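What follows is a short report on a single structure.
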Amino acid sequence: MSDPTDDDPEPTDDGPEPTDDDPEPTDDGPEPTDGDDAHDPTAEDAPAAREEIDADTDATRHEYDPDAEHAFPDGRLNEVLDRLESDEEVLTYLEAQNVNPVARKGYNDHGAKHVEIVRDRALRLYDLLKSGGVEFNGARQQGLDEADEPVIVALAATLHDIGHVVHRHDHPYYSIPLAADLLDDLLPSFYGVADRVRVKAEVLHAILCHHTEEQPLTLEAGVVRIADGLDMERGRSRVPYEEGGRGINTVSSQAIERVSLRQGDETPVQVVIRMNNAAGVYQVDSLLKAKMEGSLLEDRVQTIAINTHSDGQDGNGSIVDKIEL
């Protein structure tokens with residue numbers, strides 16, 4: 001087995017992850033360097049940009065609602081989610097997997113809350129893609145039903161980080177045997193032998209490929225990979241906060257205020273990232289860009305960062321910059 005680098009960069013100190021009580025960053029922090037695909041912020045017409053922000057009617061739809069209408073058959077998914085949310089062994093893993101990264105490494109959250117966010121955003125992303133007519137290939141190529149696509153996405157999003165109970169380093173590879181054992185217990189309640197082998201194979205593929213060192217071969221895996229990088233709102237950044245510091249990691253990790261997924265005009269999905277400091281682009285360019293590349297969904301997901309900040313004169317005015325990545 002190779003020794004790839006981890007998805008998330010290691011913190012530069014052993015301090016605890018930040019809370020919302022941490023002091024607000026100022027705009028004095030260093031600006032991020034431009035990535036290959038990042039453009040310098042260009043000031044938009046403020047009313048037009050504000051109108052675009054206000055038009056985000058889907059901003060509150062972060063949590064998956066089993067009773068809502070979806071662009072996919074959701075009955076089987078809802079049954080599996082009921083089981084996941086009540087399974088003692090799964091719930092214990094989600095709690096235990098946070099000890100190594102947080103308590104022992106001083107890293108950011110990789111436990112139950114992270115899994116909840118990743119799973120909800122994965123299912124939201126999947127729903128938008130299905131609404132946009134995107135055909136998924138993982139379940140289909142295994143001879144499974146369309147109803148199995150969201151099951152694969154949800155199971156992989158739930159179990160993708162359990163390898164942290166072994167170690168932070170190389171955790172995607174440790175997740176595979178642990179997830180396989182859990183799937184052997186979970187899947188017989190929903191599938192016969194042949195189908196549960198196929199579902200298990202697709203879930204394990206998606207778990208492995210949330211790691212940027214591995215190449216997704218299915219769109220289901222690509223959805224989980226991208227969703228893992230979308231847990232970046234303030235205090236939850238995948239790029240670690242430096243306690244007491246004012247470096248780029250500190251400022252940028254506190255800059256992201258909201259991440260929204262909505263239907264795009266030119267693509268099935270538009271990811272809108274709102275920030276209070278242009279340094280937040282560093283988070284997007286250093287993490288989400290890497291997750292997006294090789295996901296098989298690059299041409300179907302558009303990312304827009306909107307920076308709202310003071311005009312620097314009397315502190316009352318605001319300037320809205322729109323940065324497309």
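Labels for the structure tokens follow display order: chains A, B, ..., residues from 1 in each chain, ligands from 1.
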
Requested in this report: Find the residues near A:Ala112: any atom within 12 Å, counting only C-alpha atoms, skip ones fewer than 3 places away on the same chain, and give them as a list in words.
Outcome: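 So the residues in contact are Leu84, Glu85, Val90, Leu91, Thr92, Tyr93, Leu94, Glu95, Ala96, Gln97, Asn98, Val99, Asp109, Val115, Glu116, Ile117, Val118, Arg119, Ala157, Thr158, Leu159, His160, Asp161 and Ile162 of chain A.
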
Report task. Using backbone DSSP assignments, extract all strand (DSSP E) residues from stretch 164-314 of chain A; output them as a list in words. Result -> Ile256, Glu257, Arg258, Val259, Ser260, Leu261, Arg262, Val269, Gln270, Val271, Val272, Ile273, Arg274, Met275, Val301, Gln302, Thr303, Ile304, Ala305, Ile306, Asn307, Thr308, His309 and Ser310 of chain A

Query raised in the report: Which residues come within 10 Å of A:Glu298, counting only C-alpha atoms, excluding same-chain residues fewer than 3 positions away, as a PyMOL selection string?
Result: chain A and resi 222+226+267+289+291-295+301-303

Requested in this report: Quick one: everything within 12 Å of A:Pro268, counting only C-alpha atoms, minus sequence neighbours fewer than 5 positions away in the same chain. Send it as a PyMOL selection string.
Outcome: chain A and resi 124-135+261-263+297-303

Write down as a compact mmCIF listing (two decimals) with all heavy atoms, in the first residue's frame the residues of stretch 74-170 of chain A whose backbone DSSP state falls under alpha helix (DSSP H).
```txt
# COMPACT_ATOMS: atom_id res chain seq x y z
N GLY A 75 -37.77 5.64 -1.17
CA GLY A 75 -38.29 4.73 -0.16
C GLY A 75 -37.23 3.85 0.47
O GLY A 75 -37.15 3.72 1.70
N ARG A 76 -36.39 3.25 -0.36
CA ARG A 76 -35.33 2.36 0.16
C ARG A 76 -34.30 3.17 0.96
O ARG A 76 -33.83 2.73 2.00
CB ARG A 76 -34.67 1.64 -1.01
CG ARG A 76 -33.76 0.48 -0.60
CD ARG A 76 -33.34 -0.31 -1.83
NE ARG A 76 -34.50 -0.85 -2.52
CZ ARG A 76 -34.48 -1.36 -3.75
NH1 ARG A 76 -33.36 -1.37 -4.44
NH2 ARG A 76 -35.58 -1.84 -4.30
N LEU A 77 -33.96 4.34 0.46
CA LEU A 77 -33.03 5.21 1.18
C LEU A 77 -33.56 5.53 2.58
O LEU A 77 -32.81 5.46 3.56
CB LEU A 77 -32.81 6.50 0.40
CG LEU A 77 -32.10 7.62 1.16
CD1 LEU A 77 -30.66 7.24 1.48
CD2 LEU A 77 -32.15 8.93 0.37
N ASN A 78 -34.82 5.90 2.67
CA ASN A 78 -35.38 6.28 3.96
C ASN A 78 -35.36 5.11 4.95
O ASN A 78 -35.14 5.31 6.15
CB ASN A 78 -36.80 6.81 3.78
CG ASN A 78 -36.83 8.13 3.02
OD1 ASN A 78 -35.83 8.85 2.98
ND2 ASN A 78 -37.95 8.44 2.40
N GLU A 79 -35.59 3.91 4.47
CA GLU A 79 -35.51 2.74 5.34
C GLU A 79 -34.08 2.54 5.85
O GLU A 79 -33.87 2.23 7.04
CB GLU A 79 -35.97 1.50 4.58
CG GLU A 79 -37.46 1.48 4.24
CD GLU A 79 -37.85 0.26 3.44
OE1 GLU A 79 -36.96 -0.57 3.14
OE2 GLU A 79 -39.04 0.13 3.10
N VAL A 80 -33.10 2.71 4.97
CA VAL A 80 -31.71 2.55 5.37
C VAL A 80 -31.30 3.64 6.36
O VAL A 80 -30.60 3.38 7.35
CB VAL A 80 -30.79 2.56 4.14
CG1 VAL A 80 -29.32 2.60 4.55
CG2 VAL A 80 -31.05 1.33 3.26
N LEU A 81 -31.74 4.87 6.13
CA LEU A 81 -31.41 5.96 7.05
C LEU A 81 -32.00 5.73 8.43
O LEU A 81 -31.36 6.03 9.45
CB LEU A 81 -31.91 7.29 6.48
CG LEU A 81 -31.14 7.84 5.28
CD1 LEU A 81 -31.80 9.11 4.76
CD2 LEU A 81 -29.69 8.11 5.63
N ASP A 82 -33.22 5.19 8.49
CA ASP A 82 -33.82 4.87 9.80
C ASP A 82 -32.95 3.89 10.56
O ASP A 82 -32.75 4.02 11.77
CB ASP A 82 -35.22 4.28 9.60
CG ASP A 82 -36.26 5.33 9.25
OD1 ASP A 82 -35.99 6.53 9.48
OD2 ASP A 82 -37.33 4.96 8.72
N ARG A 83 -32.42 2.92 9.85
CA ARG A 83 -31.56 1.92 10.48
C ARG A 83 -30.23 2.56 10.94
O ARG A 83 -29.77 2.32 12.06
CB ARG A 83 -31.29 0.78 9.50
CG ARG A 83 -30.23 -0.23 9.93
CD ARG A 83 -30.68 -1.08 11.12
NE ARG A 83 -29.61 -1.99 11.51
CZ ARG A 83 -29.41 -3.20 10.97
NH1 ARG A 83 -30.22 -3.65 10.01
NH2 ARG A 83 -28.42 -3.97 11.38
N LEU A 84 -29.64 3.36 10.09
CA LEU A 84 -28.36 4.00 10.44
C LEU A 84 -28.49 4.88 11.67
O LEU A 84 -27.59 4.93 12.51
CB LEU A 84 -27.86 4.84 9.26
CG LEU A 84 -27.31 4.09 8.04
CD1 LEU A 84 -26.99 5.08 6.93
CD2 LEU A 84 -26.09 3.26 8.41
N GLU A 88 -26.69 1.00 17.12
CA GLU A 88 -25.78 1.33 18.20
C GLU A 88 -24.32 1.25 17.76
O GLU A 88 -23.49 2.09 18.14
CB GLU A 88 -26.02 0.41 19.40
CG GLU A 88 -25.14 0.74 20.59
CD GLU A 88 -25.39 -0.18 21.77
OE1 GLU A 88 -26.18 -1.15 21.62
OE2 GLU A 88 -24.80 0.05 22.84
N GLU A 89 -23.99 0.25 16.97
CA GLU A 89 -22.60 0.09 16.57
C GLU A 89 -22.16 1.23 15.65
O GLU A 89 -21.07 1.79 15.81
CB GLU A 89 -22.40 -1.25 15.86
CG GLU A 89 -20.93 -1.57 15.59
CD GLU A 89 -20.72 -2.98 15.07
OE1 GLU A 89 -21.73 -3.66 14.73
OE2 GLU A 89 -19.56 -3.42 15.00
N VAL A 90 -23.00 1.59 14.69
CA VAL A 90 -22.67 2.69 13.80
C VAL A 90 -22.52 3.99 14.58
O VAL A 90 -21.55 4.73 14.41
CB VAL A 90 -23.75 2.86 12.71
CG1 VAL A 90 -23.51 4.14 11.91
CG2 VAL A 90 -23.75 1.66 11.77
N LEU A 91 -23.46 4.26 15.47
CA LEU A 91 -23.42 5.50 16.26
C LEU A 91 -22.18 5.55 17.15
O LEU A 91 -21.58 6.62 17.34
CB LEU A 91 -24.69 5.62 17.11
CG LEU A 91 -26.00 5.77 16.32
CD1 LEU A 91 -27.19 5.80 17.27
CD2 LEU A 91 -25.99 7.02 15.46
N THR A 92 -21.78 4.41 17.67
CA THR A 92 -20.58 4.37 18.52
C THR A 92 -19.33 4.63 17.69
O THR A 92 -18.41 5.34 18.13
CB THR A 92 -20.46 3.02 19.24
OG1 THR A 92 -21.66 2.79 20.00
CG2 THR A 92 -19.26 3.02 20.17
N TYR A 93 -19.27 4.09 16.49
CA TYR A 93 -18.13 4.36 15.60
C TYR A 93 -18.03 5.86 15.30
O TYR A 93 -16.93 6.43 15.31
CB TYR A 93 -18.27 3.59 14.29
CG TYR A 93 -17.50 2.30 14.26
CD1 TYR A 93 -18.17 1.07 14.24
CD2 TYR A 93 -16.11 2.28 14.24
CE1 TYR A 93 -17.47 -0.13 14.21
CE2 TYR A 93 -15.41 1.08 14.21
CZ TYR A 93 -16.09 -0.12 14.20
OH TYR A 93 -15.39 -1.31 14.18
N LEU A 94 -19.16 6.49 15.04
CA LEU A 94 -19.14 7.92 14.70
C LEU A 94 -18.63 8.76 15.86
O LEU A 94 -18.01 9.81 15.65
CB LEU A 94 -20.54 8.39 14.28
CG LEU A 94 -21.15 7.71 13.05
CD1 LEU A 94 -22.46 8.38 12.67
CD2 LEU A 94 -20.19 7.70 11.88
N GLU A 95 -18.88 8.30 17.07
CA GLU A 95 -18.35 9.00 18.24
C GLU A 95 -16.87 8.67 18.45
O GLU A 95 -16.04 9.57 18.68
CB GLU A 95 -19.16 8.61 19.48
CG GLU A 95 -18.69 9.26 20.76
CD GLU A 95 -19.49 8.83 21.97
OE1 GLU A 95 -20.52 8.12 21.80
OE2 GLU A 95 -19.10 9.18 23.10
N ALA A 96 -16.53 7.40 18.33
CA ALA A 96 -15.15 6.96 18.59
C ALA A 96 -14.18 7.47 17.54
O ALA A 96 -13.00 7.70 17.84
CB ALA A 96 -15.10 5.43 18.66
N ALA A 112 -19.59 12.62 14.40
CA ALA A 112 -20.99 12.51 14.01
C ALA A 112 -21.50 13.76 13.29
O ALA A 112 -22.27 13.66 12.32
CB ALA A 112 -21.85 12.21 15.23
N LYS A 113 -21.09 14.94 13.75
CA LYS A 113 -21.57 16.17 13.12
C LYS A 113 -21.01 16.30 11.70
O LYS A 113 -21.75 16.67 10.78
CB LYS A 113 -21.14 17.39 13.95
CG LYS A 113 -21.72 18.70 13.43
CD LYS A 113 -23.25 18.68 13.46
CE LYS A 113 -23.82 20.01 13.00
NZ LYS A 113 -25.32 19.96 12.96
N HIS A 114 -19.74 15.99 11.52
CA HIS A 114 -19.16 16.02 10.18
C HIS A 114 -19.89 15.05 9.26
O HIS A 114 -20.23 15.40 8.12
CB HIS A 114 -17.68 15.66 10.26
CG HIS A 114 -17.02 15.46 8.93
ND1 HIS A 114 -16.91 16.46 7.98
CD2 HIS A 114 -16.43 14.36 8.38
CE1 HIS A 114 -16.29 15.99 6.91
NE2 HIS A 114 -16.00 14.72 7.12
N VAL A 115 -20.15 13.86 9.74
CA VAL A 115 -20.84 12.85 8.93
C VAL A 115 -22.25 13.32 8.58
O VAL A 115 -22.71 13.15 7.43
CB VAL A 115 -20.88 11.50 9.68
CG1 VAL A 115 -21.92 10.56 9.06
CG2 VAL A 115 -19.51 10.86 9.67
N GLU A 116 -22.94 13.92 9.52
CA GLU A 116 -24.28 14.43 9.26
C GLU A 116 -24.26 15.49 8.15
O GLU A 116 -25.10 15.46 7.23
CB GLU A 116 -24.86 15.03 10.53
CG GLU A 116 -26.24 15.64 10.36
CD GLU A 116 -26.72 16.35 11.61
OE1 GLU A 116 -26.00 16.32 12.64
OE2 GLU A 116 -27.82 16.95 11.56
N ILE A 117 -23.30 16.40 8.22
CA ILE A 117 -23.20 17.46 7.22
C ILE A 117 -22.86 16.88 5.85
O ILE A 117 -23.47 17.22 4.84
CB ILE A 117 -22.14 18.50 7.65
CG1 ILE A 117 -22.63 19.27 8.86
CG2 ILE A 117 -21.81 19.45 6.50
CD1 ILE A 117 -21.58 20.16 9.50
N VAL A 118 -21.88 15.98 5.81
CA VAL A 118 -21.46 15.38 4.54
C VAL A 118 -22.61 14.58 3.92
O VAL A 118 -22.87 14.68 2.72
CB VAL A 118 -20.22 14.50 4.74
CG1 VAL A 118 -19.90 13.70 3.46
CG2 VAL A 118 -19.02 15.34 5.14
N ARG A 119 -23.32 13.81 4.73
CA ARG A 119 -24.41 12.99 4.19
C ARG A 119 -25.54 13.87 3.66
O ARG A 119 -26.08 13.63 2.57
CB ARG A 119 -24.93 12.03 5.25
CG ARG A 119 -25.97 11.05 4.72
CD ARG A 119 -26.28 9.99 5.76
NE ARG A 119 -26.88 10.59 6.96
CZ ARG A 119 -26.79 10.05 8.18
NH1 ARG A 119 -26.10 8.94 8.37
NH2 ARG A 119 -27.38 10.63 9.21
N ASP A 120 -25.92 14.90 4.42
CA ASP A 120 -26.99 15.78 3.97
C ASP A 120 -26.62 16.49 2.67
O ASP A 120 -27.43 16.60 1.75
CB ASP A 120 -27.30 16.82 5.05
CG ASP A 120 -28.12 16.25 6.20
OD1 ASP A 120 -28.75 15.20 6.01
OD2 ASP A 120 -28.13 16.85 7.29
N ARG A 121 -25.38 16.96 2.59
CA ARG A 121 -24.98 17.69 1.40
C ARG A 121 -24.76 16.74 0.22
O ARG A 121 -24.98 17.12 -0.93
CB ARG A 121 -23.75 18.53 1.70
CG ARG A 121 -24.12 19.67 2.63
CD ARG A 121 -23.06 20.67 2.88
NE ARG A 121 -23.64 21.75 3.68
CZ ARG A 121 -22.93 22.68 4.30
NH1 ARG A 121 -21.61 22.68 4.20
NH2 ARG A 121 -23.53 23.62 5.00
N ALA A 122 -24.35 15.52 0.50
CA ALA A 122 -24.22 14.54 -0.57
C ALA A 122 -25.59 14.23 -1.18
O ALA A 122 -25.74 14.16 -2.41
CB ALA A 122 -23.56 13.27 -0.05
N LEU A 123 -26.59 14.06 -0.33
CA LEU A 123 -27.93 13.76 -0.83
C LEU A 123 -28.54 14.96 -1.52
O LEU A 123 -29.28 14.82 -2.50
CB LEU A 123 -28.83 13.28 0.32
CG LEU A 123 -28.47 11.90 0.87
CD1 LEU A 123 -29.28 11.58 2.12
CD2 LEU A 123 -28.67 10.81 -0.19
N ARG A 124 -28.25 16.15 -1.04
CA ARG A 124 -28.73 17.37 -1.71
C ARG A 124 -28.06 17.52 -3.09
O ARG A 124 -28.72 17.83 -4.09
CB ARG A 124 -28.40 18.59 -0.84
CG ARG A 124 -28.69 19.93 -1.48
CD ARG A 124 -30.16 20.20 -1.57
NE ARG A 124 -30.41 21.56 -2.07
CZ ARG A 124 -31.35 21.86 -2.92
NH1 ARG A 124 -32.15 20.93 -3.41
NH2 ARG A 124 -31.53 23.11 -3.31
N LEU A 125 -26.78 17.28 -3.13
CA LEU A 125 -26.04 17.33 -4.39
C LEU A 125 -26.57 16.29 -5.37
O LEU A 125 -26.80 16.57 -6.55
CB LEU A 125 -24.55 17.12 -4.12
CG LEU A 125 -23.58 17.09 -5.29
CD1 LEU A 125 -23.66 18.38 -6.09
CD2 LEU A 125 -22.15 16.87 -4.79
N TYR A 126 -26.79 15.09 -4.87
CA TYR A 126 -27.33 14.01 -5.70
C TYR A 126 -28.71 14.37 -6.24
O TYR A 126 -29.01 14.18 -7.43
CB TYR A 126 -27.39 12.72 -4.87
CG TYR A 126 -28.14 11.59 -5.52
CD1 TYR A 126 -27.59 10.87 -6.59
CD2 TYR A 126 -29.41 11.23 -5.07
CE1 TYR A 126 -28.30 9.84 -7.18
CE2 TYR A 126 -30.12 10.19 -5.66
CZ TYR A 126 -29.56 9.50 -6.72
OH TYR A 126 -30.27 8.48 -7.31
N ASP A 127 -29.56 14.94 -5.38
CA ASP A 127 -30.91 15.32 -5.78
C ASP A 127 -30.89 16.37 -6.89
O ASP A 127 -31.64 16.29 -7.87
CB ASP A 127 -31.66 15.86 -4.55
CG ASP A 127 -33.17 15.89 -4.75
OD1 ASP A 127 -33.67 15.32 -5.73
OD2 ASP A 127 -33.86 16.50 -3.90
N LEU A 128 -30.03 17.37 -6.74
CA LEU A 128 -29.93 18.41 -7.76
C LEU A 128 -29.42 17.85 -9.08
O LEU A 128 -29.89 18.24 -10.17
CB LEU A 128 -29.00 19.52 -7.27
CG LEU A 128 -29.56 20.44 -6.19
CD1 LEU A 128 -28.45 21.28 -5.57
CD2 LEU A 128 -30.67 21.33 -6.75
N LEU A 129 -28.45 16.96 -9.01
CA LEU A 129 -27.93 16.34 -10.22
C LEU A 129 -29.00 15.51 -10.92
O LEU A 129 -29.13 15.55 -12.15
CB LEU A 129 -26.71 15.48 -9.89
CG LEU A 129 -25.45 16.24 -9.48
CD1 LEU A 129 -24.43 15.30 -8.85
CD2 LEU A 129 -24.82 16.95 -10.69
N LYS A 130 -29.77 14.77 -10.15
CA LYS A 130 -30.86 13.99 -10.74
C LYS A 130 -31.91 14.91 -11.36
O LYS A 130 -32.44 14.61 -12.44
CB LYS A 130 -31.49 13.10 -9.67
CG LYS A 130 -30.57 12.01 -9.13
CD LYS A 130 -30.29 10.93 -10.15
CE LYS A 130 -31.46 10.02 -10.37
NZ LYS A 130 -31.11 8.85 -11.23
N SER A 131 -32.20 16.03 -10.69
CA SER A 131 -33.15 16.99 -11.25
C SER A 131 -32.64 17.55 -12.57
O SER A 131 -33.43 17.89 -13.46
CB SER A 131 -33.38 18.14 -10.26
OG SER A 131 -34.01 17.69 -9.09
N GLY A 138 -22.78 4.05 -11.19
CA GLY A 138 -22.31 3.02 -10.26
C GLY A 138 -23.29 1.88 -10.08
O GLY A 138 -22.99 0.72 -10.40
N ALA A 139 -24.48 2.19 -9.56
CA ALA A 139 -25.49 1.16 -9.35
C ALA A 139 -25.90 0.52 -10.68
O ALA A 139 -26.04 -0.70 -10.78
CB ALA A 139 -26.70 1.76 -8.65
N ARG A 140 -26.07 1.35 -11.69
CA ARG A 140 -26.53 0.83 -12.99
C ARG A 140 -25.58 -0.20 -13.57
O ARG A 140 -26.00 -1.25 -14.07
CB ARG A 140 -26.72 2.00 -13.96
CG ARG A 140 -27.08 1.61 -15.38
CD ARG A 140 -27.39 2.82 -16.24
NE ARG A 140 -26.34 3.82 -16.19
CZ ARG A 140 -25.22 3.76 -16.92
NH1 ARG A 140 -25.00 2.73 -17.73
NH2 ARG A 140 -24.32 4.73 -16.85
N GLN A 141 -24.29 0.08 -13.52
CA GLN A 141 -23.32 -0.85 -14.09
C GLN A 141 -23.21 -2.15 -13.29
O GLN A 141 -22.70 -3.14 -13.80
CB GLN A 141 -21.96 -0.16 -14.21
CG GLN A 141 -21.93 0.92 -15.28
CD GLN A 141 -20.66 1.73 -15.30
OE1 GLN A 141 -19.92 1.77 -14.33
NE2 GLN A 141 -20.40 2.38 -16.43
N ASP A 148 -31.11 2.28 -5.60
CA ASP A 148 -29.90 1.94 -4.84
C ASP A 148 -28.84 3.03 -4.92
O ASP A 148 -27.90 3.03 -4.12
CB ASP A 148 -29.33 0.62 -5.36
CG ASP A 148 -30.29 -0.54 -5.20
OD1 ASP A 148 -30.91 -0.63 -4.12
OD2 ASP A 148 -30.45 -1.34 -6.13
N GLU A 149 -28.98 3.95 -5.87
CA GLU A 149 -27.99 5.03 -5.99
C GLU A 149 -27.90 5.87 -4.72
O GLU A 149 -26.80 6.05 -4.17
CB GLU A 149 -28.33 5.91 -7.19
CG GLU A 149 -28.21 5.22 -8.53
CD GLU A 149 -28.75 6.06 -9.67
OE1 GLU A 149 -29.23 7.20 -9.42
OE2 GLU A 149 -28.70 5.60 -10.83
N PRO A 150 -29.04 6.41 -4.21
CA PRO A 150 -28.92 7.22 -2.99
C PRO A 150 -28.53 6.39 -1.77
O PRO A 150 -27.93 6.94 -0.82
CB PRO A 150 -30.32 7.82 -2.83
CG PRO A 150 -31.23 6.89 -3.56
CD PRO A 150 -30.43 6.39 -4.72
N VAL A 151 -28.85 5.11 -1.77
CA VAL A 151 -28.42 4.24 -0.67
C VAL A 151 -26.90 4.15 -0.65
O VAL A 151 -26.26 4.26 0.42
CB VAL A 151 -29.04 2.83 -0.81
CG1 VAL A 151 -28.43 1.86 0.21
CG2 VAL A 151 -30.55 2.90 -0.64
N ILE A 152 -26.30 3.98 -1.81
CA ILE A 152 -24.83 3.93 -1.91
C ILE A 152 -24.23 5.24 -1.42
O ILE A 152 -23.27 5.25 -0.64
CB ILE A 152 -24.42 3.62 -3.36
CG1 ILE A 152 -24.81 2.19 -3.73
CG2 ILE A 152 -22.92 3.85 -3.56
CD1 ILE A 152 -24.76 1.90 -5.23
N VAL A 153 -24.79 6.36 -1.87
CA VAL A 153 -24.29 7.67 -1.47
C VAL A 153 -24.39 7.86 0.04
O VAL A 153 -23.43 8.29 0.70
CB VAL A 153 -25.07 8.78 -2.21
CG1 VAL A 153 -24.75 10.15 -1.61
CG2 VAL A 153 -24.74 8.77 -3.70
N ALA A 154 -25.54 7.53 0.61
CA ALA A 154 -25.76 7.74 2.05
C ALA A 154 -24.87 6.85 2.90
O ALA A 154 -24.31 7.29 3.91
CB ALA A 154 -27.23 7.51 2.39
N LEU A 155 -24.73 5.58 2.52
CA LEU A 155 -23.89 4.66 3.29
C LEU A 155 -22.43 5.07 3.23
O LEU A 155 -21.72 5.05 4.25
CB LEU A 155 -24.07 3.23 2.77
CG LEU A 155 -25.38 2.53 3.14
CD1 LEU A 155 -25.50 1.21 2.39
CD2 LEU A 155 -25.46 2.27 4.65
N ALA A 156 -21.96 5.45 2.05
CA ALA A 156 -20.56 5.87 1.92
C ALA A 156 -20.29 7.15 2.69
O ALA A 156 -19.26 7.29 3.36
CB ALA A 156 -20.20 6.05 0.44
N ALA A 157 -21.22 8.11 2.63
CA ALA A 157 -21.05 9.35 3.37
C ALA A 157 -21.03 9.10 4.88
O ALA A 157 -20.29 9.75 5.62
CB ALA A 157 -22.17 10.33 3.01
N THR A 158 -21.82 8.14 5.33
CA THR A 158 -21.88 7.83 6.77
C THR A 158 -20.61 7.15 7.26
O THR A 158 -20.13 7.44 8.37
CB THR A 158 -23.08 6.92 7.06
OG1 THR A 158 -24.29 7.57 6.63
CG2 THR A 158 -23.18 6.60 8.55
N LEU A 159 -20.04 6.27 6.46
CA LEU A 159 -18.93 5.43 6.92
C LEU A 159 -17.57 5.86 6.40
O LEU A 159 -16.57 5.20 6.69
CB LEU A 159 -19.20 3.98 6.49
CG LEU A 159 -20.53 3.37 6.98
CD1 LEU A 159 -20.70 1.96 6.41
CD2 LEU A 159 -20.61 3.34 8.49
```

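Atom to atom, atom CA of A:Gly229 and atom CA of A:Ser286 stand 10.2 Å apart.
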
Requested in this report: Determine the nearest neighbour of A:Ile304 from the options A:Arg258, A:Lys322, A:Arg198, A:Arg104, counting only C-alpha atoms.
Outcome: A:Lys322

Report summary line: Closest of A:Tyr282, A:Glu233, A:Gly163, A:Tyr191 to A:Leu178, counting only C-alpha atoms, is A:Gly163

Requested in this report: Write out as a list in words the residues lying within 8 Å of A:Val166, counting only C-alpha atoms and excluding same-chain residues fewer than 5 positions away.
Outcome: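 Near neighbours after the sequence-gap exclusion: Asn100, His171 and Tyr174 of chain A.
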
Written selection (all heavy atoms) as a compact mmCIF listing (two decimals), in the first residue's frame:
```
# COMPACT_ATOMS: atom_id res chain seq x y z
N ASN A 100 -9.11 10.20 17.79
CA ASN A 100 -7.77 10.37 17.23
C ASN A 100 -7.57 11.74 16.58
O ASN A 100 -6.60 12.43 16.88
CB ASN A 100 -7.45 9.25 16.24
CG ASN A 100 -6.93 8.01 16.93
OD1 ASN A 100 -6.27 8.08 17.96
ND2 ASN A 100 -7.22 6.84 16.35
N HIS A 171 -6.34 7.06 6.94
CA HIS A 171 -7.64 6.61 7.44
C HIS A 171 -8.58 6.08 6.35
O HIS A 171 -9.38 5.18 6.64
CB HIS A 171 -8.33 7.73 8.24
CG HIS A 171 -8.81 8.87 7.40
ND1 HIS A 171 -8.02 9.95 7.07
CD2 HIS A 171 -10.02 9.10 6.80
CE1 HIS A 171 -8.71 10.79 6.34
NE2 HIS A 171 -9.92 10.31 6.15
N TYR A 174 -8.03 2.37 6.19
CA TYR A 174 -8.52 1.65 7.37
C TYR A 174 -10.05 1.62 7.39
O TYR A 174 -10.65 0.71 8.00
CB TYR A 174 -7.99 2.31 8.65
CG TYR A 174 -6.49 2.34 8.76
CD1 TYR A 174 -5.81 3.52 9.05
CD2 TYR A 174 -5.74 1.17 8.57
CE1 TYR A 174 -4.42 3.54 9.14
CE2 TYR A 174 -4.35 1.20 8.67
CZ TYR A 174 -3.70 2.38 8.95
OH TYR A 174 -2.33 2.42 9.03
```

Query raised in the report: What is the atom CA of A:Val224-atom CA of A:Asn307 distance in Å, reported with one decimal?
Result: 26.4 Å

Report task. Would you mind reading off the distance between atom CA of A:Phe136 and atom CA of A:Leu219, one decimal, in Å? Result ->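 Calculated distance between atom CA of A:Phe136 and atom CA of A:Leu219 is 5.6 Å.
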